[in-house]
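Asks: Before I ask anything, here is the structure I am working with.
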Amino acid sequence: MASISRHLRNFARKPNEHVGPVPLDTVVADTLEIVSARLKAADAHLHVALGPETLFVKAGPVRLQQVLVNIISNAADAVEGLDDRRIDLTAQKSDNKVIVSVRDRGPGVPPAIMERIFDPFFSTKGVGKGLGLGLSISYNIVKDFGGRTAARDSILNSTQKHRWRLPRNERVPRIADR
């Protein structure tokens, strides 16, 4: 409980945090501490595959964590009560970018409203279930990092996939690390 409180306090501040090399695996581990109760409540199963080596992205750790919390929480909402409650979080290098994807097996977003999902106050959830700010905030955070965000729906296999490209940043040793 103390760990979750610490993460939430960090989450609530630092809007102007430094952007630099951030180890993705560390941010994901911290994110899992925050979303684990939500995943459990939805009986959702998160599979994380970040690859064999630590990937560093150009980001701020707290704001990147906010993106992950928003996307994973939305995925948990989407699969709650369904037979297939799997959520996949993957990452891979692609040239000078790291592609991070979150895929759920929820009902997806109808094509007619797909272009609006990143608009502030737009939500597909019922009244009282969300403000419609999570995806908009996440979109703008990723943009601030120099990345791009996209969402794709697959009607064929009823999945929603959020994918964002973040600038890759090789870790530069600090003097204290030498």
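Ordering of the structure tokens sets the chain letters (A, B, ...); residue numbers start at 1 within each chain; ligands are numbered from 1 in the order shown.
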Taking the chain letters and numbering used in this document, name the residues of segment 68-99 of chain A that DSSP puts in alpha helix (DSSP H), as an NGL selection string.
Replies: :A and (68-79)
Asks: Fewer than 2 positions away in the same chain doesn't count, so skip those; otherwise give me all residues within 9 Å of segment 117-123 of chain A, counting only C-alpha atoms, as JSON, numbers by chain.
Replies: {"A": [109, 113, 114, 115, 125, 126, 129, 130, 131, 132, 133, 134, 135, 136, 137, 138, 139, 151]}
Asks: Hey, which of A:Leu82, A:Leu64, A:Ile99, A:Ala44 ends up closest to Gly20 of chain A? Count only C-alpha atoms.
Replies: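 Among A:Leu82, A:Leu64, A:Ile99, A:Ala44, it is A:Leu64 that comes nearest to Gly20 of chain A.
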Asks: Write out as a VMD selection string which residues come within 12 Å of Pro52 of chain A when counting only C-alpha atoms, dropping same-chain ones fewer than 4 positions away.
Replies: chain A and resid 25 48 90 to 93
Asks: For the residues selected in the previous step, produce a file with N, CA and C atoms as an mmCIF file, in the first residue's frame.
Replies:
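The file below, selection.cif, is the result:
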```cif
data_model
loop_
_atom_site.group_PDB
_atom_site.id
_atom_site.type_symbol
_atom_site.label_atom_id
_atom_site.label_comp_id
_atom_site.auth_asym_id
_atom_site.auth_seq_id
_atom_site.Cartn_x
_atom_site.Cartn_y
_atom_site.Cartn_z
ATOM 1 N N ASP A 25 11.370 -0.712 -19.026
ATOM 2 C CA ASP A 25 11.007 -1.793 -18.109
ATOM 3 C C ASP A 25 10.750 -1.294 -16.683
ATOM 4 N N VAL A 48 3.204 -9.031 -20.548
ATOM 5 C CA VAL A 48 4.194 -8.006 -20.884
ATOM 6 C C VAL A 48 5.356 -8.658 -21.608
ATOM 7 N N THR A 90 3.498 -4.755 -25.406
ATOM 8 C CA THR A 90 4.735 -5.128 -26.074
ATOM 9 C C THR A 90 5.541 -3.886 -26.425
ATOM 10 N N ALA A 91 6.832 -4.089 -26.646
ATOM 11 C CA ALA A 91 7.704 -3.002 -27.095
ATOM 12 C C ALA A 91 8.799 -3.591 -27.968
ATOM 13 N N GLN A 92 9.178 -2.819 -28.977
ATOM 14 C CA GLN A 92 10.266 -3.256 -29.852
ATOM 15 C C GLN A 92 10.966 -2.049 -30.454
ATOM 16 N N LYS A 93 12.246 -2.225 -30.759
ATOM 17 C CA LYS A 93 13.018 -1.172 -31.411
ATOM 18 C C LYS A 93 12.674 -1.143 -32.885
#
```
Asks: Separation of atom CA of Ala49 of chain A and atom CA of Asn70 of chain A, in Å?
Replies: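 Here the two named atoms are 18.6 Å from each other.
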Asks: Here is a test: counting only C-alpha atoms, which residue of A:Leu50, A:Val142, A:Ala42, A:Ala59 is nearest to Gly106 of chain A?
Replies: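 Smallest separation from Gly106 of chain A among the options: A:Ala42.
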Asks: May I ask which of the residues A:Ser101, A:Ser73, A:Thr124, A:Gln66 is the closest one to Arg148 of chain A, counting only C-alpha atoms?
Replies: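 Under the stated criterion, the closest residue is A:Ser101.
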Asks: DSSP on the backbone, then: every residue of segment 24-136 of chain A marked strand (DSSP E), written as a list in words.
Replies: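 Everything in segment 24-136 of chain A that counts as strand (DSSP E) is His45, Leu46, His47, Val48, Ala49, Phe56, Val57, Lys58, Ala59, Arg86, Ile87, Asp88, Leu89, Thr90, Ala91, Gln92, Lys93, Ser94, Lys97, Val98, Ile99, Val100, Ser101, Val102, Arg103 and Asp104 of chain A.
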Asks: One decimal, Å: what's the distance from atom CA of Asp144 of chain A over to atom CA of Gln65 of chain A, could you say?
Replies: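 About the pair atom CA of Asp144 of chain A and atom CA of Gln65 of chain A: they are 14.1 Å apart.
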Asks: Which residue is closest to Val69 of chain A? Choose from A:Glu170, A:Asp84, A:Glu53, A:Glu33 and count only C-alpha atoms.
Replies: A:Glu33
Asks: Given only C-alpha atoms as the basis, pick out the residue of A:Val67, A:Val79, A:Leu89, A:Leu32 nearest to Lys143 of chain A.
Replies: A:Val67
Asks: Have a look at atom CA of Phe145 of chain A and atom CA of Asp104 of chain A and let me know their distance in Å, one decimal.
Replies: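 Separation of atom CA of Phe145 of chain A and atom CA of Asp104 of chain A: 24.5 Å.
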